[in-house]
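Notes for the one structure printed next.
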Amino acid sequence: MASATVDMSQQDSGTPGVVKEKEAGTPHKEKHAAHGELVRDAIIGFADGLTVPFALTAGLSSLGSAKLVILGGLAELFAGSLSMGLGAYLAAVTEKKHYEVEELRERAEVKEKPLAEEDEVYEIFEQYGIERFQSKGVVEGLKANEDMWVRFMMDFELKLEKPRTKMAWIEGIVMGVSYFFGGLLPMIPYFAFKNVTHALFTSIGITALILVVFGYVKALVTGCRHIDAAWSAVQTLLVGAVAAGASYGIVRGVNSAENVTAMTG
């Protein structure tokens with residue numbers, strides 16, 4: 001009873017030894033972002049959707065026809081979203097094929113040249129400051145399990161992560177849908193206003209606001225500080241402004257050149 005009383009009093013008083021014992025028995029859990037690939041695809045798709053269709057519609061607006069802007073914008077929007085979605089899917093499939101080829105090659109090397117592969121394992125550990133005698137037990141453990149040996153070489157020698165092919169079509173859909181919605185937002189004013197100039201300036205205002213907010217939130221999601229997120233918002237806005245300005249100037253310049261040629265001809 002006396003010892004139990006002492007133990008309880010130590011716990012109540014917050015004895016460091018007891019606290020350390022509790023901490024040692026508590027499993028350590030790290031929090032990481034889930035579905036990182038999908039977040040990445042959504043960010044890329046939405047960013048491209050905001051920039052490319054906005055730049056195109058801004059350029060077409062210099063021709064003075066709202067109908068032309070809408071038709072051209074919609075054509076690019078559907079084509080772009082399909083292209084982005086299929087591109088993401090095909091990239092995932094290609095990555096899977098590349099991994100499988102390298103895995104077969106690595107497995108053949110483990111079987112045909114085990115001594116050379118063993119030396120490579122030691123060299124990998126030496127890069128982390130671990131001497132051969134220190135890593136010998138791990139190397140022997142890997143040699144006893146061919147699958148784990150091959151996996152180790154894929155992870156640490158080739159630095160290739162096994163693709164999750166079941167997610168390929170989902171990544172493609174996320175990329176395409178994100179692009180579509182990102183590109184649709186700058187086009188909304190052209191459906192609401194008959195005057196192209198009013199629609200253009202409204203589109204610029206909407207897109208500028210979305211670019212700033214998107215750039216800021218994107219940086220925060222990826223783990224940046226608030227000051228870095230603010231700079232990311234400015235950079236995103238500048239990219240959109242440069243793209244739209246270049247498109248507007250080029251289309252207007254080409255149209256003016258054609259008018260001059262037609263008049264002189």
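If you're wondering about the labels, chains in the structure tokens are A, B, ... by order shown, residues count from 1 in each chain, ligands from 1 in order shown.
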
If we count only C-alpha atoms, what is near stretch 69-72 of chain A at a cut-off of 9 Å, once residues fewer than 3 positions away on the same chain are taken out, given as a PDB file with N, CA, C and O atoms, in the first residue's frame?
```
ATOM      1  N   LEU A  56      -6.741  33.783 -73.273  1.00  0.00           N
ATOM      2  CA  LEU A  56      -7.352  33.653 -74.594  1.00  0.00           C
ATOM      3  C   LEU A  56      -8.556  34.572 -74.746  1.00  0.00           C
ATOM      4  O   LEU A  56      -8.681  35.289 -75.758  1.00  0.00           O
ATOM      5  N   THR A  57      -9.466  34.552 -73.774  1.00  0.00           N
ATOM      6  CA  THR A  57     -10.663  35.398 -73.884  1.00  0.00           C
ATOM      7  C   THR A  57     -10.295  36.882 -73.849  1.00  0.00           C
ATOM      8  O   THR A  57     -10.945  37.696 -74.525  1.00  0.00           O
ATOM      9  N   ALA A  58      -9.265  37.227 -73.081  1.00  0.00           N
ATOM     10  CA  ALA A  58      -8.811  38.626 -73.066  1.00  0.00           C
ATOM     11  C   ALA A  58      -8.295  39.027 -74.449  1.00  0.00           C
ATOM     12  O   ALA A  58      -8.559  40.130 -74.936  1.00  0.00           O
ATOM     13  N   GLY A  59      -7.557  38.106 -75.073  1.00  0.00           N
ATOM     14  CA  GLY A  59      -7.051  38.410 -76.409  1.00  0.00           C
ATOM     15  C   GLY A  59      -8.163  38.517 -77.435  1.00  0.00           C
ATOM     16  O   GLY A  59      -8.189  39.443 -78.259  1.00  0.00           O
ATOM     17  N   LEU A  60      -9.120  37.586 -77.396  1.00  0.00           N
ATOM     18  CA  LEU A  60     -10.229  37.614 -78.356  1.00  0.00           C
ATOM     19  C   LEU A  60     -11.139  38.818 -78.144  1.00  0.00           C
ATOM     20  O   LEU A  60     -11.788  39.283 -79.097  1.00  0.00           O
ATOM     21  N   SER A  61     -11.185  39.335 -76.923  1.00  0.00           N
ATOM     22  CA  SER A  61     -12.047  40.492 -76.660  1.00  0.00           C
ATOM     23  C   SER A  61     -11.583  41.729 -77.413  1.00  0.00           C
ATOM     24  O   SER A  61     -12.366  42.655 -77.636  1.00  0.00           O
ATOM     25  N   LEU A  63     -11.104  41.875 -80.397  1.00  0.00           N
ATOM     26  CA  LEU A  63     -11.783  41.880 -81.691  1.00  0.00           C
ATOM     27  C   LEU A  63     -13.172  42.493 -81.599  1.00  0.00           C
ATOM     28  O   LEU A  63     -13.809  42.745 -82.623  1.00  0.00           O
ATOM     29  N   GLY A  64     -13.676  42.695 -80.372  1.00  0.00           N
ATOM     30  CA  GLY A  64     -14.932  43.406 -80.171  1.00  0.00           C
ATOM     31  C   GLY A  64     -16.190  42.578 -80.303  1.00  0.00           C
ATOM     32  O   GLY A  64     -17.291  43.134 -80.340  1.00  0.00           O
ATOM     33  N   SER A  65     -16.078  41.251 -80.357  1.00  0.00           N
ATOM     34  CA  SER A  65     -17.255  40.393 -80.516  1.00  0.00           C
ATOM     35  C   SER A  65     -17.382  39.480 -79.304  1.00  0.00           C
ATOM     36  O   SER A  65     -16.532  38.609 -79.082  1.00  0.00           O
ATOM     37  N   ALA A  66     -18.475  39.661 -78.547  1.00  0.00           N
ATOM     38  CA  ALA A  66     -18.705  38.817 -77.377  1.00  0.00           C
ATOM     39  C   ALA A  66     -18.966  37.375 -77.799  1.00  0.00           C
ATOM     40  O   ALA A  66     -18.543  36.431 -77.117  1.00  0.00           O
ATOM     41  N   ALA A  75     -14.498  26.601 -76.726  1.00  0.00           N
ATOM     42  CA  ALA A  75     -13.737  25.601 -77.482  1.00  0.00           C
ATOM     43  C   ALA A  75     -12.424  25.278 -76.771  1.00  0.00           C
ATOM     44  O   ALA A  75     -12.047  24.106 -76.624  1.00  0.00           O
ATOM     45  N   GLU A  76     -11.734  26.302 -76.318  1.00  0.00           N
ATOM     46  CA  GLU A  76     -10.467  26.087 -75.610  1.00  0.00           C
ATOM     47  C   GLU A  76     -10.692  25.410 -74.276  1.00  0.00           C
ATOM     48  O   GLU A  76      -9.902  24.549 -73.848  1.00  0.00           O
ATOM     49  N   LEU A  77     -11.793  25.783 -73.611  1.00  0.00           N
ATOM     50  CA  LEU A  77     -12.078  25.257 -72.283  1.00  0.00           C
ATOM     51  C   LEU A  77     -12.307  23.742 -72.331  1.00  0.00           C
ATOM     52  O   LEU A  77     -11.725  22.992 -71.540  1.00  0.00           O
ATOM     53  N   MET A 187     -14.845  33.538 -67.798  1.00  0.00           N
ATOM     54  CA  MET A 187     -15.756  33.674 -68.930  1.00  0.00           C
ATOM     55  C   MET A 187     -17.155  34.121 -68.528  1.00  0.00           C
ATOM     56  O   MET A 187     -17.939  34.557 -69.394  1.00  0.00           O
ATOM     57  N   TYR A 190     -18.704  37.438 -69.821  1.00  0.00           N
ATOM     58  CA  TYR A 190     -19.042  37.518 -71.240  1.00  0.00           C
ATOM     59  C   TYR A 190     -20.435  36.961 -71.510  1.00  0.00           C
ATOM     60  O   TYR A 190     -21.051  37.282 -72.533  1.00  0.00           O
ATOM     61  N   PHE A 191     -20.930  36.116 -70.624  1.00  0.00           N
ATOM     62  CA  PHE A 191     -22.306  35.642 -70.729  1.00  0.00           C
ATOM     63  C   PHE A 191     -23.284  36.678 -70.168  1.00  0.00           C
ATOM     64  O   PHE A 191     -24.446  36.736 -70.578  1.00  0.00           O
ATOM     65  N   VAL A 196     -18.466  44.088 -74.840  1.00  0.00           N
ATOM     66  CA  VAL A 196     -17.242  43.320 -74.649  1.00  0.00           C
ATOM     67  C   VAL A 196     -16.288  44.013 -73.688  1.00  0.00           C
ATOM     68  O   VAL A 196     -15.619  43.367 -72.875  1.00  0.00           O
TER      69      VAL A 196
END
```

Please identify all polymer residues within 12 Å of stretch 234-239 of chain A, counting only C-alpha atoms, omitting same-chain residues fewer than 3 positions from it, and present them as a ChimeraX atom specification.
/A:46-48,50-52,54-55,204-219,227-231,242-246

Nearest to A:Glu118: which of A:Ile130, A:Leu158, A:Leu86, A:Leu142 is it, counting only C-alpha atoms?
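Using only C-alpha atoms, the shortest distance to A:Glu118 belongs to A:Leu142.
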
Env of A:Ala92: 8 Å cut, atoms = only C-alpha atoms, seq-sep filter 6 positions within chain, self excluded. Answer as a PyMOL selection string.
chain A and resi 163+165+168

May I have the selected residues written with C-alpha atoms, as a PDB file, in the first residue's frame?
```pdb
ATOM      1  CA  PRO A 163       2.980   4.564 -58.623  1.00  0.00           C
ATOM      2  CA  THR A 165      -2.105   3.073 -60.843  1.00  0.00           C
ATOM      3  CA  ALA A 168      -4.558   7.302 -62.471  1.00  0.00           C
TER       4      ALA A 168
END
```

Please return as a VMD selection string: the residues of stretch 93-184 of chain A that backbone DSSP assigns to alpha helix (DSSP H).
chain A and resid 93 to 112 114 to 126 132 to 143 146 to 152 168 to 184

Between A:Arg132, A:Ala241, A:Trp169, A:Ser256, which has the minimum distance to A:Leu90 (counting only C-alpha atoms)?
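Ranked by minimum distance to A:Leu90, first place goes to A:Trp169.
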
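Comparing A:Ala192, A:Val139, A:Leu104, A:Leu184 by their smallest distance to A:Lys67, the closest is A:Ala192 (using only C-alpha atoms).
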
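Distances here use only C-alpha atoms; by that measure, the residue among A:Met84, A:Val110, A:Val221, A:Leu68 closest to A:Val174 is A:Met84.
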
For a test of reading the model, state the distance in Å between atom CA of A:Glu140 and atom CA of A:Pro114, rounded to one decimal.
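Atom-to-atom, atom CA of A:Glu140 and atom CA of A:Pro114 are spaced 11.7 Å apart.
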